[in-house]
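**Student:** So here's entry.tsv, just TSV, C-alpha atoms and all ligand atoms:
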chain	number	residue	atom	x	y	z
Y	127	MET	CA	8.12	-5.46	-30.07
Y	128	ASP	CA	6.31	-2.17	-29.26
Y	129	VAL	CA	5.64	-1.02	-25.71
Y	130	LEU	CA	3.29	1.84	-24.86
Y	131	PHE	CA	4.32	3.79	-21.77
Y	132	PHE	CA	2.59	6.21	-19.41
Y	133	ALA	CA	3.41	6.99	-15.78
Y	134	GLU	CA	1.81	9.72	-13.71
Y	135	GLU	CA	5.22	11.14	-12.83
Y	136	PRO	CA	6.62	14.68	-13.06
Y	137	ASP	CA	9.31	13.33	-15.41
Y	138	PRO	CA	8.67	9.88	-16.94
Y	139	ARG	CA	11.92	9.92	-18.97
Y	140	PRO	CA	14.13	8.09	-16.41
Y	141	TRP	CA	11.43	5.38	-16.20
Y	142	MET	CA	11.30	4.95	-19.96
Y	143	ALA	CA	15.09	4.96	-20.20
Y	144	ALA	CA	15.35	2.26	-17.51
Y	145	LEU	CA	12.73	0.15	-19.32
Y	146	ALA	CA	14.50	0.59	-22.68
Y	147	GLN	CA	17.77	-0.45	-21.08
Y	148	ALA	CA	16.26	-3.51	-19.40
Y	149	LEU	CA	14.36	-4.51	-22.57
Y	150	PRO	CA	16.60	-3.50	-25.49
Y	151	GLU	CA	14.60	-5.63	-27.94
Y	152	ALA	CA	11.58	-3.28	-27.48
Y	153	ARG	CA	10.64	0.10	-28.94
Y	154	VAL	CA	9.26	2.09	-25.97
Y	155	HIS	CA	6.67	4.73	-26.99
Y	156	ASP	CA	5.81	7.69	-24.80
Y	157	TRP	CA	1.99	7.87	-24.94
Y	158	ALA	CA	2.06	11.50	-23.83
Y	159	ALA	CA	4.12	12.46	-26.89
Y	160	GLY	CA	1.29	11.20	-29.17
Y	161	GLY	CA	1.44	9.17	-32.35
Y	162	ALA	CA	2.23	5.79	-30.78
Y	163	PRO	CA	1.40	2.77	-32.97
Y	164	ALA	CA	-0.70	-0.21	-31.83
Y	165	CYS	CA	1.56	-1.87	-29.26
Y	166	ASP	CA	2.19	-5.36	-27.90
Y	167	TYR	CA	2.43	-4.33	-24.24
Y	168	ALA	CA	1.29	-1.37	-22.15
Y	169	VAL	CA	3.34	-0.30	-19.14
Y	170	CYS	CA	1.47	2.23	-17.04
Y	171	TRP	CA	0.65	3.88	-13.73
Y	172	LYS	CA	-2.68	5.72	-13.44
Y	173	PRO	CA	-3.11	6.14	-17.22
Y	174	PRO	CA	-5.49	8.81	-18.56
Y	175	ALA	CA	-8.86	7.74	-19.99
Y	176	ALA	CA	-7.64	7.83	-23.63
Y	177	PHE	CA	-4.56	5.66	-22.98
Y	178	PHE	CA	-6.04	2.40	-24.23
Y	179	ALA	CA	-7.93	3.93	-27.20
Y	180	GLY	CA	-6.99	2.17	-30.45
Y	181	GLN	CA	-4.75	-0.37	-28.65
Y	182	ARG	CA	-6.25	-3.56	-30.09
Y	183	ARG	CA	-3.21	-5.77	-30.16
Y	184	LEU	CA	-2.10	-5.65	-26.50
Y	185	LYS	CA	-0.90	-8.96	-25.05
Y	186	ALA	CA	-0.60	-7.68	-21.46
Y	187	ILE	CA	-0.80	-4.55	-19.32
Y	188	LEU	CA	2.02	-4.11	-16.82
Y	189	ASN	CA	1.00	-1.98	-13.83
Y	190	ILE	CA	3.84	0.09	-12.34
Y	191	GLY	CA	2.64	-0.59	-8.80
Y	192	ALA	CA	1.55	-3.33	-6.43
Y	193	GLY	CA	-2.04	-2.11	-6.18
Y	194	ALA	CA	-3.93	-2.34	-9.47
Y	195	ASP	CA	-7.10	-0.58	-8.29
Y	196	ALA	CA	-6.52	2.53	-10.44
Y	197	VAL	CA	-5.98	0.68	-13.71
Y	198	LEU	CA	-8.84	-1.74	-12.97
Y	199	ALA	CA	-11.16	1.24	-12.48
Y	200	ASP	CA	-10.35	2.50	-16.00
Y	201	THR	CA	-13.57	2.04	-17.98
Y	202	ASN	CA	-11.54	1.75	-21.21
Y	203	LEU	CA	-9.39	-1.11	-19.89
Y	204	PRO	CA	-9.53	-3.98	-22.44
Y	205	LEU	CA	-11.47	-6.85	-20.86
Y	206	ASP	CA	-9.54	-9.77	-22.31
Y	207	VAL	CA	-5.95	-8.58	-21.71
Y	208	PRO	CA	-4.14	-9.76	-18.57
Y	209	VAL	CA	-3.10	-7.10	-16.05
Y	210	VAL	CA	0.14	-7.82	-14.19
Y	211	ARG	CA	1.17	-6.02	-10.99
Y	212	LEU	CA	4.54	-5.43	-9.37
Y	213	ASP	CA	5.66	-8.00	-6.81
Y	214	ASP	CA	7.65	-6.26	-4.09
Y	215	ALA	CA	10.27	-4.74	-6.43
Y	216	GLY	CA	12.00	-3.12	-3.46
Y	217	MET	CA	8.81	-2.03	-1.72
Y	218	GLY	CA	8.81	-4.73	0.98
Y	219	ALA	CA	11.94	-3.44	2.71
Y	220	GLN	CA	10.51	0.09	2.76
Y	221	MET	CA	7.24	-1.15	4.25
Y	222	GLU	CA	9.17	-2.98	6.98
Y	223	GLU	CA	10.98	0.22	7.95
Y	224	TYR	CA	7.82	2.31	7.91
Y	225	VAL	CA	5.81	-0.09	10.07
Y	226	ALA	CA	8.72	-0.61	12.49
Y	227	TRP	CA	8.95	3.18	12.95
Y	228	CYS	CA	5.19	3.35	13.65
Y	229	ALA	CA	5.38	0.47	16.14
Y	230	PHE	CA	8.23	2.00	18.14
Y	231	HIS	CA	6.65	5.47	17.90
Y	232	PHE	CA	3.51	4.28	19.69
Y	233	LEU	CA	5.17	1.63	21.91
Y	234	ARG	CA	7.63	4.21	23.27
Y	235	ARG	CA	4.86	6.87	23.45
Y	236	MET	CA	6.70	9.33	21.24
Y	237	ASP	CA	3.27	10.74	20.28
Y	238	ASP	CA	2.56	11.56	23.95
Y	239	TYR	CA	6.05	13.02	24.48
Y	240	ALA	CA	5.74	15.22	21.38
Y	241	ARG	CA	2.48	16.66	22.74
Y	242	ALA	CA	4.03	17.08	26.23
Y	243	GLN	CA	7.00	18.92	24.73
Y	244	ARG	CA	4.70	21.45	23.08
Y	245	ASP	CA	3.51	22.35	26.62
Y	246	ALA	CA	7.03	22.11	28.16
Y	247	LEU	CA	5.77	19.21	30.31
Y	248	TRP	CA	8.34	16.84	31.91
Y	249	ASP	CA	5.95	13.91	32.05
Y	250	ARG	CA	7.53	10.46	32.48
Y	251	LEU	CA	5.06	7.76	31.46
Y	252	PRO	CA	5.14	4.09	32.56
Y	253	PRO	CA	7.16	1.78	30.30
Y	254	ARG	CA	5.47	-0.70	27.96
Y	255	ALA	CA	6.78	-4.11	26.91
Y	256	ARG	CA	7.13	-5.01	23.24
Y	257	GLY	CA	5.82	-8.50	24.03
Y	258	ALA	CA	2.52	-7.02	25.23
Y	259	PHE	CA	2.01	-4.85	22.15
Y	260	PRO	CA	0.34	-7.00	19.46
Y	261	ILE	CA	0.64	-5.82	15.87
Y	262	GLY	CA	-2.21	-6.74	13.51
Y	263	ILE	CA	-1.59	-6.83	9.77
Y	264	MET	CA	-4.63	-6.72	7.47
Y	265	GLY	CA	-3.51	-8.39	4.23
Y	266	LEU	CA	-0.91	-11.15	4.21
Y	267	GLY	CA	0.13	-10.91	0.58
Y	268	VAL	CA	3.51	-10.02	-0.86
Y	269	LEU	CA	3.96	-6.96	1.37
Y	270	GLY	CA	1.84	-7.89	4.40
Y	271	ALA	CA	3.54	-11.27	4.88
Y	272	ARG	CA	6.94	-9.58	4.71
Y	273	VAL	CA	6.01	-6.93	7.25
Y	274	ALA	CA	4.49	-9.57	9.55
Y	275	ALA	CA	7.72	-11.61	9.54
Y	276	PHE	CA	9.83	-8.50	10.12
Y	277	MET	CA	7.77	-7.36	13.11
Y	278	ARG	CA	7.79	-10.92	14.52
Y	279	ASP	CA	11.59	-10.95	14.27
Y	280	LEU	CA	11.68	-7.67	16.20
Y	281	GLY	CA	9.92	-9.44	19.08
Y	282	PHE	CA	6.35	-8.16	18.71
Y	283	PRO	CA	3.41	-10.57	18.92
Y	284	VAL	CA	2.03	-10.50	15.35
Y	285	ARG	CA	-1.33	-11.55	13.98
Y	286	GLY	CA	-2.49	-11.32	10.40
Y	287	TRP	CA	-5.77	-11.37	8.51
Y	288	SER	CA	-6.33	-12.43	4.92
Y	289	ALA	CA	-9.04	-13.71	2.60
Y	290	SER	CA	-7.76	-17.29	2.47
Y	291	PRO	CA	-6.08	-19.19	5.34
Y	292	LYS	CA	-2.30	-18.72	5.73
Y	293	ALA	CA	0.47	-20.31	7.77
Y	294	ILE	CA	3.38	-18.03	8.67
Y	295	ALA	CA	5.74	-19.24	11.39
Y	296	GLY	CA	5.30	-17.23	14.58
Y	297	VAL	CA	2.35	-15.25	13.22
Y	298	GLU	CA	-1.20	-15.93	14.38
Y	299	CYS	CA	-3.23	-16.07	11.17
Y	300	PHE	CA	-6.94	-15.36	10.71
Y	301	ALA	CA	-8.99	-15.56	7.52
Y	302	GLY	CA	-12.31	-14.27	6.28
Y	303	PRO	CA	-14.92	-11.80	7.55
Y	304	GLN	CA	-16.09	-14.17	10.30
Y	305	ALA	CA	-12.63	-14.05	11.91
Y	306	LEU	CA	-12.21	-10.26	11.76
Y	307	ALA	CA	-13.47	-9.46	15.26
Y	308	ALA	CA	-11.26	-12.13	16.88
Y	309	PHE	CA	-8.28	-10.88	14.88
Y	310	LEU	CA	-8.82	-7.26	15.96
Y	311	ALA	CA	-9.65	-7.83	19.64
Y	312	PRO	CA	-6.15	-7.50	21.21
Y	313	VAL	CA	-4.39	-5.48	18.48
Y	314	ARG	CA	-2.50	-2.39	19.71
Y	315	LEU	CA	-1.24	-1.33	16.27
Y	316	LEU	CA	-3.41	-2.11	13.25
Y	317	VAL	CA	-1.68	-1.97	9.86
Y	318	CYS	CA	-3.72	-1.98	6.65
Y	319	LEU	CA	-1.98	-3.64	3.69
Y	320	LEU	CA	-5.08	-4.75	1.79
Y	321	PRO	CA	-5.80	-4.15	-1.87
Y	322	LEU	CA	-8.66	-1.74	-2.55
Y	323	THR	CA	-11.59	-3.82	-3.83
Y	324	ASP	CA	-15.37	-3.85	-3.49
Y	325	ALA	CA	-14.90	-6.08	-0.42
Y	326	THR	CA	-12.34	-3.85	1.34
Y	327	ARG	CA	-13.51	-0.31	0.52
Y	328	GLY	CA	-14.36	1.46	3.80
Y	329	ILE	CA	-13.20	-1.50	5.90
Y	330	LEU	CA	-11.50	0.81	8.42
Y	331	ASN	CA	-14.67	2.23	9.93
Y	332	ARG	CA	-16.33	2.98	13.27
Y	333	GLU	CA	-17.42	-0.63	13.75
Y	334	THR	CA	-14.11	-2.34	12.90
Y	335	LEU	CA	-11.83	0.26	14.50
Y	336	GLY	CA	-14.17	0.22	17.50
Y	337	MET	CA	-13.31	-3.47	17.98
Y	338	LEU	CA	-9.70	-2.51	18.77
Y	339	PRO	CA	-8.86	-2.05	22.45
Y	340	ARG	CA	-8.94	1.51	23.81
Y	341	GLY	CA	-5.60	3.22	23.13
Y	342	ALA	CA	-4.78	1.29	19.94
Y	343	ALA	CA	-3.34	3.04	16.87
Y	344	LEU	CA	-3.88	2.73	13.13
Y	345	VAL	CA	-1.43	2.70	10.23
Y	346	ASN	CA	-2.96	2.95	6.75
Y	347	ILE	CA	-0.38	2.28	4.05
Y	348	ALA	CA	-2.73	0.66	1.53
Y	349	ARG	CA	-5.28	3.01	-0.06
Y	350	GLY	CA	-7.26	6.02	1.18
Y	351	GLY	CA	-10.50	4.30	0.15
Y	352	HIS	CA	-10.06	1.76	2.94
Y	353	LEU	CA	-10.65	4.38	5.62
Y	354	VAL	CA	-13.83	6.19	6.63
Y	355	GLU	CA	-12.14	9.41	7.67
Y	356	ALA	CA	-15.02	10.81	9.75
Y	357	ASP	CA	-15.15	7.58	11.77
Y	358	LEU	CA	-11.41	7.75	12.45
Y	359	ILE	CA	-11.62	11.37	13.61
Y	360	ALA	CA	-14.55	10.54	15.93
Y	361	LEU	CA	-12.62	7.63	17.47
Y	362	LEU	CA	-9.49	9.77	17.91
Y	363	ASP	CA	-11.44	12.64	19.42
Y	364	ASP	CA	-13.08	10.45	22.06
Y	365	ALA	CA	-9.65	8.82	22.74
Y	366	HIS	CA	-10.74	5.33	21.73
Y	367	LEU	CA	-7.78	5.44	19.34
Y	368	ALA	CA	-4.47	6.94	20.48
Y	369	GLY	CA	-3.32	7.94	17.02
Y	370	ALA	CA	-3.08	7.24	13.32
Y	371	VAL	CA	-0.33	7.30	10.74
Y	372	LEU	CA	-1.81	7.85	7.29
Y	373	ASP	CA	0.18	7.55	4.07
Y	374	VAL	CA	-2.67	7.25	1.56
Y	375	PHE	CA	-5.78	9.30	0.89
Y	376	PRO	CA	-8.83	9.20	-1.40
Y	377	VAL	CA	-7.58	12.41	-3.06
Y	378	GLU	CA	-3.82	12.78	-3.47
Y	379	PRO	CA	-2.12	15.14	-2.85
Y	380	LEU	CA	-4.15	15.49	0.36
Y	381	PRO	CA	-5.92	18.88	0.00
Y	382	ALA	CA	-4.48	21.65	2.22
Y	383	ALA	CA	-7.94	22.14	3.75
Y	384	SER	CA	-8.07	18.58	5.11
Y	385	ALA	CA	-8.43	18.44	8.89
Y	386	LEU	CA	-6.05	15.48	8.88
Y	387	TRP	CA	-3.04	17.78	8.26
Y	388	ARG	CA	-3.67	19.53	11.58
Y	389	HIS	CA	-5.11	16.79	13.79
Y	390	PRO	CA	-2.85	16.44	16.87
Y	391	ARG	CA	-3.12	12.64	16.82
Y	392	VAL	CA	-2.52	12.11	13.10
Y	393	VAL	CA	0.78	11.76	11.27
Y	394	VAL	CA	0.48	12.39	7.51
Y	395	THR	CA	3.04	11.22	4.95
Y	396	PRO	CA	2.71	11.77	1.17
Y	397	HIS	CA	2.26	8.18	-0.15
Y	398	VAL	CA	5.86	7.26	0.55
Y	399	SER	CA	5.60	4.20	2.79
Y	400	ALA	CA	6.93	2.22	-0.18
Y	401	MET	CA	8.01	4.20	-3.19
Y	402	THR	CA	8.20	2.52	-6.57
Y	403	LEU	CA	11.89	2.24	-7.42
Y	404	VAL	CA	12.81	3.03	-11.03
Y	405	GLU	CA	15.45	0.37	-11.70
Y	406	GLU	CA	13.84	-2.44	-9.69
Y	407	SER	CA	10.37	-1.92	-11.13
Y	408	MET	CA	11.45	-1.51	-14.76
Y	409	GLN	CA	13.74	-4.55	-14.52
Y	410	GLN	CA	10.91	-6.64	-13.08
Y	411	ILE	CA	8.50	-5.47	-15.79
Y	412	ALA	CA	11.08	-6.17	-18.53
Y	413	ALA	CA	11.62	-9.68	-17.14
Y	414	LYS	CA	7.86	-10.29	-17.10
Y	415	ILE	CA	7.41	-9.06	-20.68
Y	416	ARG	CA	10.25	-11.32	-21.80
Y	417	ALA	CA	8.67	-14.29	-19.99
Y	418	LEU	CA	5.28	-13.59	-21.59
Y	419	GLU	CA	6.90	-13.35	-25.02
Y	420	GLN	CA	8.44	-16.79	-24.44
Y	421	GLY	CA	5.15	-18.26	-23.22
Y	422	ARG	CA	6.38	-18.66	-19.65
Y	423	PRO	CA	4.10	-17.93	-16.65
Y	424	VAL	CA	4.56	-14.73	-14.62
Y	425	VAL	CA	3.60	-13.97	-11.02
Y	426	GLY	CA	1.28	-11.11	-10.18
Y	427	VAL	CA	-1.48	-11.60	-12.76
Y	428	ILE	CA	-4.55	-9.82	-11.42
Y	429	ASP	CA	-7.72	-11.86	-10.88
Y	430	ARG	CA	-10.28	-9.43	-12.29
Y	431	ALA	CA	-13.19	-11.10	-10.48
Y	432	ARG	CA	-11.71	-10.58	-7.01
Y	433	GLY	CA	-10.08	-7.25	-7.92
Y	434	TYR	CA	-6.43	-7.91	-6.94
Y	501	LIG	P1	-1.22	-8.75	-2.43
Y	501	LIG	O1	-0.01	-9.56	-2.56
Y	501	LIG	O2	-2.27	-8.83	-3.49
Y	501	LIG	O3	-1.86	-9.09	-1.01
Y	501	LIG	C1	-3.16	-8.72	-0.66
Y	501	LIG	C2	-3.55	-9.42	0.64
Y	501	LIG	O4	-4.82	-8.91	1.06
Y	501	LIG	C3	-3.69	-10.93	0.48
Y	501	LIG	O5	-3.19	-11.58	1.61
Y	501	LIG	C4	-5.21	-11.12	0.41
Y	501	LIG	O6	-5.67	-12.36	0.90
Y	501	LIG	C5	-5.68	-10.01	1.32
Y	501	LIG	N1	-7.08	-9.65	1.04
Y	501	LIG	C6	-7.60	-9.22	-0.12
Y	501	LIG	N2	-8.93	-9.02	0.00
Y	501	LIG	C7	-9.24	-9.36	1.27
Y	501	LIG	C8	-10.45	-9.38	2.00
Y	501	LIG	N3	-11.62	-9.02	1.46
Y	501	LIG	N4	-10.40	-9.80	3.29
Y	501	LIG	C9	-9.24	-10.18	3.85
Y	501	LIG	N5	-8.04	-10.17	3.21
Y	501	LIG	C10	-8.06	-9.77	1.93
Y	501	LIG	O7	-0.84	-7.19	-2.33
Y	501	LIG	P2	0.53	-6.53	-1.82
Y	501	LIG	O8	1.55	-6.57	-2.89
Y	501	LIG	O9	0.86	-7.13	-0.51
Y	501	LIG	O10	0.05	-5.03	-1.66
Y	501	LIG	C11	-1.02	-4.69	-0.81
Y	501	LIG	C12	-1.50	-3.29	-1.06
Y	501	LIG	O11	-0.56	-2.35	-0.55
Y	501	LIG	C13	-1.63	-2.89	-2.53
Y	501	LIG	O12	-2.83	-3.36	-3.09
Y	501	LIG	C14	-1.61	-1.38	-2.45
Y	501	LIG	O13	-2.93	-0.90	-2.28
Y	501	LIG	C15	-0.80	-1.11	-1.18
Y	501	LIG	N6	0.49	-0.46	-1.46
Y	501	LIG	C16	0.71	0.77	-0.97
Y	501	LIG	C17	1.94	1.40	-1.17
Y	501	LIG	C18	2.23	2.75	-0.56
Y	501	LIG	O14	3.28	3.33	-0.83
Y	501	LIG	N7	1.40	3.28	0.29
Y	501	LIG	C19	2.94	0.75	-1.89
Y	501	LIG	C20	2.67	-0.53	-2.39
Y	501	LIG	C21	1.44	-1.12	-2.16
Y	501	LIG	P3	-5.31	-13.74	0.13
Y	501	LIG	O15	-3.81	-13.89	0.30
Y	501	LIG	O16	-6.04	-14.77	0.85
Y	501	LIG	O17	-5.71	-13.54	-1.30
Y	502	LIG	C1	1.70	2.04	-4.63
Y	502	LIG	O1	0.86	2.57	-3.99
Y	502	LIG	C2	1.56	0.74	-5.20
Y	502	LIG	O2	0.46	0.18	-5.20
Y	502	LIG	O3	2.59	0.19	-5.68
Starting from the file, give its structure as structure tokens.
Ligand code: NAP
Ligand code: GLV
**Tutor:**
Amino acid sequence: MDVLFFAEEPDPRPWMAALAQALPEARVHDWAAGGAPACDYAVCWKPPAAFFAGQRRLKAILNIGAGADAVLADTNLPLDVPVVRLDDAGMGAQMEEYVAWCAFHFLRRMDDYARAQRDALWDRLPPRARGAFPIGIMGLGVLGARVAAFMRDLGFPVRGWSASPKAIAGVECFAGPQALAAFLAPVRLLVCLLPLTDATRGILNRETLGMLPRGAALVNIARGGHLVEADLIALLDDAHLAGAVLDVFPVEPLPAASALWRHPRVVVTPHVSAMTLVEESMQQIAAKIRALEQGRPVVGVIDRARGY
């Protein structure tokens, strides 16, 4: 079996080595080295435009990430070949930690204290109760459902929003565009864990963020394309929103000239809320390739029509 490999990584060799070790029956070809034959499977993250050229025998494309928006946007992507995404693969636990940090940061007003410290201000603010600090999770899929349950177990009121109705114990669930305003109304910390699709691009905008109560905060750990940056800055500058933690951006790395780096109410992290783990991801992909070879079903096949 031949596997074509490309990952937008400074050094893809550890990834290829981990895949070869997890799938010893395969020959793993480094696309960047050139000269790869027609392959049975492609394993890739943000492949260049020429990656799929001449690959006419692919049985599946394994995306080295949960979000498949980049590979789906590839105009050379073969139409009739299934695309399979990562399911958690060690990302869920990282997302839990990241969102918990954000929740306690804003609940305990660490943003206000950091600003006060810059002015040497001894300013003791009134306490806030966790039980009166609702967390709203947009997207209740593999990662969103996990984060929702984690935040519930920490004692926060949690509500979630998805495309289709869900039932998660102790989480108030909303579904569909008609329920968005009701979902947002009491949320103090809004967390975006949606896939980037035609239906969700720009969903964090003046209108939707304006539905949050004054003083709410935003965490975007999905994709930069979900957020209308100018709308966020306007809402921060007139204090409708208290702050934002942004991990993802339309252009990555975030350009040095971006105002977001210097905004006093914005925390920027470099797309690290959940990093793809080498061993976990390559083992999951190897297991999926083996299942496909044996004609068994795999989880995480992308529905091209809905875009995730
Ligand atoms: P997933 O399992 O596909 O879950 C997506 C969720 O979003 C589902 O609950 C889905 O609803 C909901 N959804 C999709 N379109 C919607 C719409 N138009 N309106 C309302 N809800 C909608 O994805 P995942 O594995 O949880 O990952 C989510 C995203 O996180 C990825 O796509 C990626 O962009 C991002 N991510 C970021 C990082 C990072 O480091 N920053 C790491 C990993 C992933 P249904 O359940 O009803 O279909
Ligand atoms: C990372 O952003 C992913 O989608 O896995």
**Student:** Which protein, DNA or RNA residues have an atom within 8 Å of ligand LIG 501 (chain Y), counting all atoms listed in the file, as a PyMOL selection string?
**Tutor:** chain Y and resi 191-195+212-214+217+221+264-271+287-292+301-303+318-323+325-326+346-349+373-374+397-402+426+432+434
**Student:** Which residue, Y:Arg314, Y:His366, Y:His389, Y:Arg327, has the smallest gap to Y:Ala258 when you use only C-alpha atoms?
**Tutor:**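 Going through Y:Arg314, Y:His366, Y:His389, Y:Arg327 one by one, the smallest distance to Y:Ala258 is for Y:Arg314.
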**Student:** Could you check the closest approach to Y:Phe230 for each of Y:Leu205, Y:Leu247, Y:Met277, Y:Ala412 and tell me which residue wins, using only C-alpha atoms?
**Tutor:**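 Going through Y:Leu205, Y:Leu247, Y:Met277, Y:Ala412 one by one, the smallest distance to Y:Phe230 is for Y:Met277.
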**Student:** Using all atoms listed in the file, find the one residue out of Y:Val377, Y:Ala275, Y:Leu367, Y:Ala148 that sits nearest to Y:Gly351.
**Tutor:** Y:Val377
**Student:** Around all listed atoms of ligand LIG 502 (chain Y), padded 4 Å per side, what centre and edge lengths does the axis-aligned box have in Å to one decimal, as lines of an AutoDock Vina configuration file?
**Tutor:**
center_x = 1.5
center_y = 1.4
center_z = -4.8
size_x = 10.1
size_y = 10.4
size_z = 9.7
**Student:** Report, in Å with one decimal, the straight-line distance from atom CA of Y:Pro381 to atom CA of Y:Asn202.
**Tutor:**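 Calculated distance between atom CA of Y:Pro381 and atom CA of Y:Asn202 is 27.8 Å.
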**Student:** In terms of the shortest atom-to-atom distance over all atoms listed in the file, which of Y:Met408, Y:Met236, Y:Val284, Y:Val427 is closest to Y:Ala143?
**Tutor:** Y:Met408
**Student:** Tell me, in Å to one decimal, how far atom CA of Y:Glu419 is from atom CA of Y:Leu149.
**Tutor:**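 Atom CA of Y:Leu149 lies 11.8 Å from atom CA of Y:Glu419.
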**Student:** Report, in Å with one decimal, the straight-line distance from atom CA of Y:Trp157 to atom CA of Y:Ala215.
**Tutor:**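 These atoms are spaced 23.9 Å apart.
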**Student:** Every residue with an atom at most 9 Å from (11.8, -0.9, -25.7) (file coordinates; all atoms listed in the file) is what I'm after, so could you write them as a VMD selection string?
**Tutor:** chain Y and resid 127 to 130 142 to 143 145 to 155 412
**Student:** Could you name the residues that touch Y:Ile428 at 7 Å or less, counting only C-alpha atoms, but leaving out those on the same chain fewer than 3 positions away, as a VMD selection string?
**Tutor:** chain Y and resid 209 to 211 434
**Student:** When you count only C-alpha atoms and all ligand atoms, which of these residues is closest to ligand LIG 502 (chain Y): Y:Asp156, Y:Asp364, Y:Glu223, Y:Glu378?
**Tutor:** Y:Glu378
**Student:** Closest to ligand LIG 502 (chain Y) among Y:Leu403, Y:Ile411, Y:Leu280, Y:Ala383, using all atoms listed in the file?
**Tutor:** Y:Leu403
**Student:** Using all atoms listed in the file, determine which residues lie at most 9 Å from Y:Ala133, disregarding the query and same-chain residues fewer than 5 positions distant; provide the list as a list in words.
**Tutor:** Pro138, Trp141, Val169, Cys170, Trp171, Lys172, Pro173 and Ile190 of chain Y
